[in-house]
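As provided, run19.cif (mmCIF, C-alpha atoms) reads as follows.
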data_upload
loop_
_atom_site.label_atom_id
_atom_site.label_comp_id
_atom_site.auth_asym_id
_atom_site.auth_seq_id
_atom_site.Cartn_x
_atom_site.Cartn_y
_atom_site.Cartn_z
CA MET R 1 41.39 20.14 -3.62
CA THR R 2 39.14 20.42 -6.65
CA VAL R 3 36.23 18.00 -6.77
CA THR R 4 34.73 17.31 -10.16
CA ALA R 5 31.38 15.74 -10.78
CA THR R 6 30.40 13.55 -13.69
CA ALA R 7 26.98 12.27 -14.66
CA ALA R 8 26.56 8.57 -13.89
CA THR R 9 24.47 5.98 -15.69
CA VAL R 10 21.45 5.15 -13.53
CA SER R 11 19.30 2.04 -13.91
CA ASP R 12 16.08 0.97 -12.19
CA PHE R 13 16.24 -2.56 -13.61
CA TYR R 14 19.57 -3.96 -12.46
CA TYR R 15 17.98 -7.41 -11.97
CA GLY R 16 15.78 -7.19 -15.06
CA ALA R 17 12.03 -7.63 -14.77
CA VAL R 18 12.19 -9.38 -11.40
CA THR R 19 12.01 -6.27 -9.22
CA PRO R 20 9.27 -4.35 -11.11
CA VAL R 21 7.05 -7.43 -11.31
CA ALA R 22 7.55 -8.26 -7.62
CA ALA R 23 6.96 -4.61 -6.70
CA TYR R 24 3.73 -4.54 -8.71
CA LEU R 25 2.46 -7.73 -7.07
CA MET R 26 3.10 -6.31 -3.60
CA ALA R 27 1.22 -3.12 -4.48
CA CYS R 28 -1.71 -5.24 -5.69
CA LEU R 29 -1.66 -7.38 -2.54
CA GLY R 30 -1.73 -4.37 -0.25
CA ALA R 31 -4.56 -2.80 -2.26
CA ALA R 32 -6.61 -6.01 -2.31
CA LEU R 33 -6.30 -6.52 1.45
CA GLY R 34 -7.12 -2.89 2.10
CA LEU R 35 -10.26 -3.08 -0.03
CA ARG R 36 -11.50 -6.19 1.73
CA CYS R 37 -10.86 -4.62 5.14
CA THR R 38 -12.82 -1.50 4.26
CA THR R 39 -15.67 -3.66 2.99
CA ARG R 40 -15.75 -5.37 6.39
CA SER R 41 -15.82 -1.97 8.11
CA LEU R 42 -18.98 -1.01 6.23
CA ARG R 43 -20.70 -4.26 7.15
CA ARG R 44 -19.60 -4.14 10.79
CA PRO R 45 -19.90 -0.58 12.07
CA GLN R 46 -19.28 -1.68 15.65
CA HIS R 47 -15.74 -2.69 14.58
CA ARG R 48 -15.30 -0.05 11.88
CA ALA R 49 -12.21 1.60 13.36
CA ARG R 50 -10.39 -1.74 13.66
CA TRP R 51 -11.07 -2.77 10.08
CA LEU R 52 -10.21 0.66 8.70
CA ALA R 53 -6.95 0.66 10.66
CA LEU R 54 -6.05 -2.78 9.31
CA GLY R 55 -6.95 -1.62 5.81
CA ALA R 56 -4.73 1.47 6.12
CA ILE R 57 -1.84 -0.62 7.45
CA SER R 58 -2.25 -3.11 4.59
CA ILE R 59 -2.31 -0.46 1.86
CA GLY R 60 0.53 1.52 3.48
CA CYS R 61 2.73 -1.54 3.87
CA GLY R 62 1.92 -2.60 0.31
CA ILE R 63 2.98 0.79 -1.10
CA TRP R 64 6.14 0.94 1.00
CA THR R 65 7.10 -2.65 0.19
CA MET R 66 6.52 -1.95 -3.51
CA HIS R 67 8.85 1.05 -3.29
CA PHE R 68 11.77 -0.75 -1.67
CA ILE R 69 11.45 -3.92 -3.71
CA ALA R 70 11.70 -1.68 -6.76
CA MET R 71 14.70 0.06 -5.18
CA ILE R 72 16.57 -3.27 -5.05
CA GLY R 73 16.85 -2.85 -8.80
CA PHE R 74 18.20 0.71 -8.51
CA SER R 75 21.89 0.98 -9.40
CA VAL R 76 24.40 3.75 -10.13
CA GLU R 77 27.26 2.79 -12.42
CA GLY R 78 30.58 3.43 -10.73
CA ALA R 79 29.13 3.88 -7.25
CA LEU R 80 27.79 1.84 -4.37
CA VAL R 81 24.45 2.74 -2.82
CA SER R 82 23.46 2.54 0.85
CA TYR R 83 20.46 3.69 2.86
CA ASP R 84 19.94 5.63 6.08
CA THR R 85 18.04 3.29 8.41
CA THR R 86 16.14 6.00 10.28
CA LYS R 87 14.79 7.68 7.15
CA THR R 88 13.93 4.31 5.64
CA ILE R 89 11.84 3.29 8.64
CA LEU R 90 10.31 6.77 8.93
CA SER R 91 9.09 6.55 5.34
CA LEU R 92 7.13 3.39 6.28
CA PHE R 93 5.28 5.20 9.06
CA VAL R 94 4.60 8.13 6.74
CA ALA R 95 3.02 5.75 4.20
CA ILE R 96 0.75 4.15 6.82
CA ALA R 97 -0.21 7.47 8.43
CA VAL R 98 -1.25 9.25 5.23
CA VAL R 99 -3.20 6.25 3.97
CA ALA R 100 -4.96 6.07 7.34
CA ILE R 101 -6.01 9.72 7.02
CA GLY R 102 -7.62 9.08 3.66
CA VAL R 103 -9.23 5.76 4.62
CA PHE R 104 -10.71 7.09 7.86
CA LEU R 105 -12.03 10.21 6.11
CA VAL R 106 -13.98 8.21 3.54
CA GLY R 107 -14.83 5.48 6.06
CA TYR R 108 -16.58 7.89 8.42
CA ARG R 109 -17.54 10.85 6.22
CA GLY R 110 -18.51 9.05 3.03
CA GLY R 111 -17.51 9.36 -0.60
CA SER R 112 -18.79 12.81 -1.55
CA PRO R 113 -16.74 14.53 -4.28
CA LEU R 114 -15.40 17.13 -1.83
CA ASN R 115 -14.44 14.55 0.77
CA LEU R 116 -12.81 12.32 -1.85
CA GLY R 117 -10.91 15.28 -3.25
CA VAL R 118 -9.55 16.30 0.16
CA ALA R 119 -8.73 12.75 1.26
CA GLY R 120 -7.18 11.86 -2.11
CA THR R 121 -5.03 14.98 -2.18
CA VAL R 122 -3.75 14.48 1.37
CA THR R 123 -3.09 10.79 0.77
CA GLY R 124 -1.45 11.35 -2.63
CA LEU R 125 0.86 14.05 -1.27
CA GLY R 126 1.74 11.72 1.60
CA VAL R 127 2.54 8.84 -0.74
CA ALA R 128 4.77 11.15 -2.77
CA ALA R 129 6.41 12.32 0.48
CA MET R 130 7.05 8.68 1.40
CA HIS R 131 8.69 8.09 -1.98
CA TYR R 132 10.98 11.09 -1.82
CA LEU R 133 11.79 10.53 1.86
CA GLY R 134 12.86 7.03 0.88
CA MET R 135 15.00 8.55 -1.86
CA ALA R 136 16.50 11.00 0.64
CA ALA R 137 17.71 7.98 2.61
CA ILE R 138 20.10 7.05 -0.24
CA HIS R 139 23.81 7.53 0.36
CA THR R 140 26.25 7.41 -2.53
CA ASN R 141 29.50 9.11 -3.52
CA GLY R 142 27.78 11.87 -5.43
CA THR R 143 24.66 14.02 -5.47
CA ILE R 144 21.15 13.12 -6.60
CA HIS R 145 19.29 15.59 -8.79
CA TYR R 146 15.65 15.63 -9.87
CA ALA R 147 13.95 16.87 -13.02
CA VAL R 148 11.24 19.14 -11.60
CA PRO R 149 8.58 18.56 -14.31
CA THR R 150 8.85 14.79 -13.89
CA VAL R 151 8.64 15.13 -10.10
CA VAL R 152 5.47 17.21 -10.48
CA LEU R 153 4.03 14.57 -12.81
CA SER R 154 4.76 11.84 -10.25
CA VAL R 155 2.96 13.83 -7.55
CA VAL R 156 -0.06 14.33 -9.82
CA ILE R 157 -0.12 10.58 -10.51
CA ALA R 158 0.09 9.89 -6.76
CA ILE R 159 -2.88 12.18 -6.03
CA ALA R 160 -4.94 10.72 -8.89
CA ALA R 161 -4.12 7.16 -7.82
CA ALA R 162 -4.95 7.88 -4.17
CA THR R 163 -8.27 9.53 -5.07
CA ALA R 164 -9.23 6.63 -7.35
CA ALA R 165 -8.25 4.13 -4.65
CA LEU R 166 -10.39 5.88 -2.04
CA TRP R 167 -13.31 6.03 -4.48
CA VAL R 168 -12.95 2.29 -4.97
CA VAL R 169 -12.92 1.84 -1.18
CA VAL R 170 -16.42 3.30 -0.82
CA SER R 171 -17.89 2.21 -4.16
CA ILE R 172 -16.77 -1.35 -4.98
CA HIS R 173 -17.46 -4.21 -2.59
CA ALA R 174 -17.96 -7.32 -4.74
CA LEU R 175 -15.06 -9.76 -4.68
CA TRP R 176 -14.09 -9.91 -8.35
CA ALA R 177 -14.65 -6.21 -8.90
CA SER R 178 -12.39 -5.33 -5.97
CA LEU R 179 -9.72 -7.75 -7.18
CA GLY R 180 -9.79 -6.10 -10.60
CA ALA R 181 -9.62 -2.69 -8.95
CA SER R 182 -6.57 -3.75 -6.94
CA LEU R 183 -4.79 -4.70 -10.18
CA VAL R 184 -5.48 -1.25 -11.59
CA MET R 185 -4.38 0.39 -8.34
CA GLY R 186 -1.15 -1.61 -8.50
CA VAL R 187 -0.45 -0.18 -11.95
CA ALA R 188 -1.11 3.37 -10.71
CA VAL R 189 1.08 3.09 -7.60
CA THR R 190 3.93 1.35 -9.40
CA GLY R 191 3.65 3.83 -12.27
CA MET R 192 3.99 6.70 -9.79
CA HIS R 193 7.18 5.14 -8.42
CA TYR R 194 8.86 4.66 -11.77
CA THR R 195 7.76 8.10 -12.93
CA GLY R 196 9.48 9.53 -9.88
CA MET R 197 12.57 7.45 -10.59
CA ALA R 198 12.66 8.76 -14.16
CA ALA R 199 13.33 12.21 -12.66
CA VAL R 200 16.54 11.01 -10.98
CA SER R 201 20.04 11.73 -12.16
CA VAL R 202 23.24 11.17 -10.19
CA HIS R 203 26.43 13.19 -10.47
CA LEU R 204 29.43 11.39 -8.99
CA THR R 205 32.40 13.07 -7.42
CA ASN R 206 35.96 11.76 -7.54
CA LEU R 207 35.71 10.80 -3.90
CA ALA R 208 35.93 7.17 -2.87
CA GLY R 209 32.66 5.33 -2.65
CA SER R 210 31.16 3.42 0.21
CA SER R 211 32.72 0.18 1.37
CA GLN R 212 29.33 -1.51 1.40
CA SER R 213 28.92 -4.22 -1.24
CA SER R 214 25.86 -4.71 -3.41
CA ALA R 215 25.14 -7.97 -1.53
CA ASP R 216 25.13 -6.01 1.73
CA LEU R 217 22.68 -3.54 0.23
CA VAL R 218 20.26 -6.26 -0.88
CA ALA R 219 20.55 -7.90 2.55
CA PHE R 220 19.76 -4.58 4.25
CA LEU R 221 16.67 -4.00 2.11
CA LEU R 222 15.44 -7.56 2.67
CA VAL R 223 15.73 -7.06 6.43
CA MET R 224 13.79 -3.80 6.14
CA LEU R 225 11.12 -5.58 4.08
CA ALA R 226 10.68 -8.44 6.55
CA GLY R 227 8.46 -6.52 8.99
CA PRO R 228 5.95 -5.15 6.46
CA LEU R 229 5.81 -8.52 4.69
CA ILE R 230 4.90 -10.21 7.99
CA VAL R 231 2.21 -7.58 8.59
CA LEU R 232 0.73 -8.24 5.14
CA LEU R 233 0.77 -11.97 5.81
CA VAL R 234 -1.07 -11.51 9.11
CA ALA R 235 -3.61 -9.22 7.43
CA ALA R 236 -4.15 -11.82 4.70
CA VAL R 237 -4.80 -14.51 7.32
CA ILE R 238 -7.28 -12.28 9.16
CA VAL R 239 -9.20 -11.47 5.98
CA MET R 240 -9.16 -14.99 4.57
CA PHE R 241 -10.36 -16.67 7.76
CA ASP R 242 -13.06 -14.13 8.46
CA PRO R 243 -16.52 -15.80 8.29
CA ASP R 244 -17.54 -13.78 5.22
CA MET R 245 -14.63 -15.30 3.31
CA MET R 246 -15.35 -18.89 4.26
CA ILE R 247 -19.10 -18.79 3.51
CA GLY R 248 -21.46 -16.66 1.43
CA ASP R 249 -23.45 -13.69 2.64
CA ALA R 250 -26.69 -15.61 3.11
CA GLU R 251 -25.02 -18.24 5.26
CA ALA R 252 -23.12 -15.58 7.20
CA LYS R 253 -26.37 -13.78 8.04
CA ALA R 254 -27.99 -17.06 9.09
CA LEU R 255 -25.09 -17.75 11.45
CA GLU R 256 -24.54 -14.19 12.58
CA SER R 257 -25.82 -14.83 16.09
CA THR R 258 -23.08 -17.39 16.69
CA ALA R 259 -20.22 -16.48 14.29
CA ALA R 260 -17.43 -14.34 15.73
CA PRO R 261 -15.04 -12.67 13.28
CA LEU R 262 -11.37 -13.30 13.84
CA PHE R 263 -10.69 -9.57 14.04
CA GLY R 264 -13.91 -8.49 15.73
CA GLY R 265 -14.13 -10.41 19.00
CA ASP R 266 -17.87 -10.57 19.64
CA SER R 267 -20.62 -11.40 17.20
CA ALA R 268 -20.14 -9.45 14.01
CA PHE R 269 -23.81 -8.48 13.54
CA PRO R 270 -26.61 -7.52 15.95
CA PRO R 271 -29.36 -10.14 16.21
CA LYS R 272 -32.32 -9.67 13.85
CA GLU R 273 -35.95 -10.48 14.23
CA PRO R 274 -37.02 -13.52 12.15
CA ALA R 275 -39.13 -11.38 9.79
CA GLN R 276 -36.28 -8.96 9.21
CA ALA R 277 -33.86 -11.80 8.51
CA ALA R 278 -36.34 -13.33 6.06
CA GLN R 279 -36.62 -10.05 4.17
CA SER R 280 -32.85 -9.60 3.90
CA ALA R 281 -32.07 -13.17 2.81
CA PRO R 282 -33.41 -12.94 -0.78
CA GLN R 283 -31.46 -9.76 -1.39
CA SER R 284 -28.19 -11.51 -0.59
CA GLN R 285 -28.72 -14.46 -2.91
CA GLY R 286 -26.12 -14.75 -5.65
CA ARG R 287 -23.51 -12.58 -3.97
CA THR R 288 -20.09 -13.82 -3.04
CA SER R 289 -17.79 -12.05 -0.58
CA TRP R 290 -14.14 -12.50 0.07
#
Could you render the structure as structure tokens?
Amino acid sequence: MTVTATAATVSDFYYGAVTPVAAYLMACLGAALGLRCTTRSLRRPQHRARWLALGAISIGCGIWTMHFIAMIGFSVEGALVSYDTTKTILSLFVAIAVVAIGVFLVGYRGGSPLNLGVAGTVTGLGVAAMHYLGMAAIHTNGTIHYAVPTVVLSVVIAIAAATAALWVVVSIHALWASLGASLVMGVAVTGMHYTGMAAVSVHLTNLAGSSQSSADLVAFLLVMLAGPLIVLLVAAVIVMFDPDMMIGDAEAKALESTAAPLFGGDSAFPPKEPAQAAQSAPQSQGRTSW
């Protein structure tokens, strides 16, 4: 039997602007939570590993959730699309693992240019690997091809975005500055995704397609998204109800002998001598922390 292949029309916006906007917001949420967690890790070295881990999980889940929300809008004319569950879940763990490598490198070794370059490259390559592993999970009645120059461009964007994000992690700690940075990071991460999707073309065969309906596909992706969304919600609760969020820095230092962070267990700060506390109080006036 001779099997012919024809180029299919591919769209990333089957549901219009809904999926790209929702994907962007999830990328921003993950970035914002990650930045606040890393800020906590710098203030609380006795709990640094915990906060860095939560930050890596938040950013990783945000990136992965962005990817698969955007993939809800992916459609191939004349074919039904399905996903391999194992590869889909594996891509989530890849996203968290590579972000953790970068976050822990800068969290413990600092933000020197060499360290940022290594951490950003590893993390960016990992984010790109997550994207293309998620794409490898696609099943359809045809073959998926990639334009190599566009793929390379998406990887470069991923590395640049990861490096910039890690620089932000160690450089920006004020609330409004970090929120603005998370919006920029959301643009970079989402831009990397859609650049990678611009490299995709699908050639359909004359074989019968899958029996899965588009409603089944959306249901599957929503089930996959449920876990990371719950994780992001829990992370948001931890960050928002941390003492530094509820009160300012000066008040937090005044209460540090009695306040216990939700994610830390014991007192967040070691006790200070009265003179030392008096010297540090004026420096913290006028700052606000989230």
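Between CA of Ile57 in chain R and CA of Pro45 in chain R there is a distance of 18.6 Å.
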(request) Rank R:Ala31, R:Leu133, R:Ala8, R:Val223 by their smallest atom-to-atom distance to Ser91 in chain R, using all atoms listed in the file, and report the top residue only. (result) R:Leu133
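Note that CA of Leu153 in chain R and CA of Val76 in chain R are 23.2 Å apart.
If only C-alpha atoms are the atoms counted, then among R:Ile157, R:Gly73, R:Ser82, R:Trp167 the closest residue to Leu116 in chain R is R:Trp167.
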(request) Could you tell me which of R:Cys37, R:Ala164, R:Ala129, R:Ala32 comes closest to Ala177 in chain R if we count all atoms listed in the file? (result) R:Ala32
(request) Take CA of His203 in chain R and CA of His145 in chain R and report the distance between them in Å, one decimal. (result)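 One can read the CA of His203 in chain R to CA of His145 in chain R distance as 7.7 Å.
Proximity ranking of R:Gly78, R:Gly186, R:Gly120, R:Gly30 relative to Thr205 in chain R places R:Gly78 first, based on all atoms listed in the file.
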(request) Point out the residue among R:Met240, R:Val152, R:Trp64, R:Ala23 with the least atom-to-atom distance to Val187 in chain R, counting all atoms listed in the file. (result) R:Ala23
Would you kindly translate the PyMOL selection byres ((chain R and resi 48) around 12) into the concrete residues it picks from this file, as a CSV table (one decimal) with C-alpha atoms, in the coordinates of the input?
chain,number,residue,atom,x,y,z
R,37,CYS,CA,-10.9,-4.6,5.1
R,38,THR,CA,-12.8,-1.5,4.3
R,39,THR,CA,-15.7,-3.7,3.0
R,40,ARG,CA,-15.8,-5.4,6.4
R,41,SER,CA,-15.8,-2.0,8.1
R,42,LEU,CA,-19.0,-1.0,6.2
R,43,ARG,CA,-20.7,-4.3,7.2
R,44,ARG,CA,-19.6,-4.1,10.8
R,45,PRO,CA,-19.9,-0.6,12.1
R,46,GLN,CA,-19.3,-1.7,15.6
R,47,HIS,CA,-15.7,-2.7,14.6
R,49,ALA,CA,-12.2,1.6,13.4
R,50,ARG,CA,-10.4,-1.7,13.7
R,51,TRP,CA,-11.1,-2.8,10.1
R,52,LEU,CA,-10.2,0.7,8.7
R,53,ALA,CA,-7.0,0.7,10.7
R,54,LEU,CA,-6.0,-2.8,9.3
R,55,GLY,CA,-7.0,-1.6,5.8
R,103,VAL,CA,-9.2,5.8,4.6
R,104,PHE,CA,-10.7,7.1,7.9
R,106,VAL,CA,-14.0,8.2,3.5
R,107,GLY,CA,-14.8,5.5,6.1
R,108,TYR,CA,-16.6,7.9,8.4
R,263,PHE,CA,-10.7,-9.6,14.0
R,264,GLY,CA,-13.9,-8.5,15.7
R,268,ALA,CA,-20.1,-9.4,14.0
(request) Could you check which of R:Leu183, R:Val118, R:Val231, R:Ile63 is closest to Cys28 in chain R, using all atoms listed in the file? (result) R:Leu183
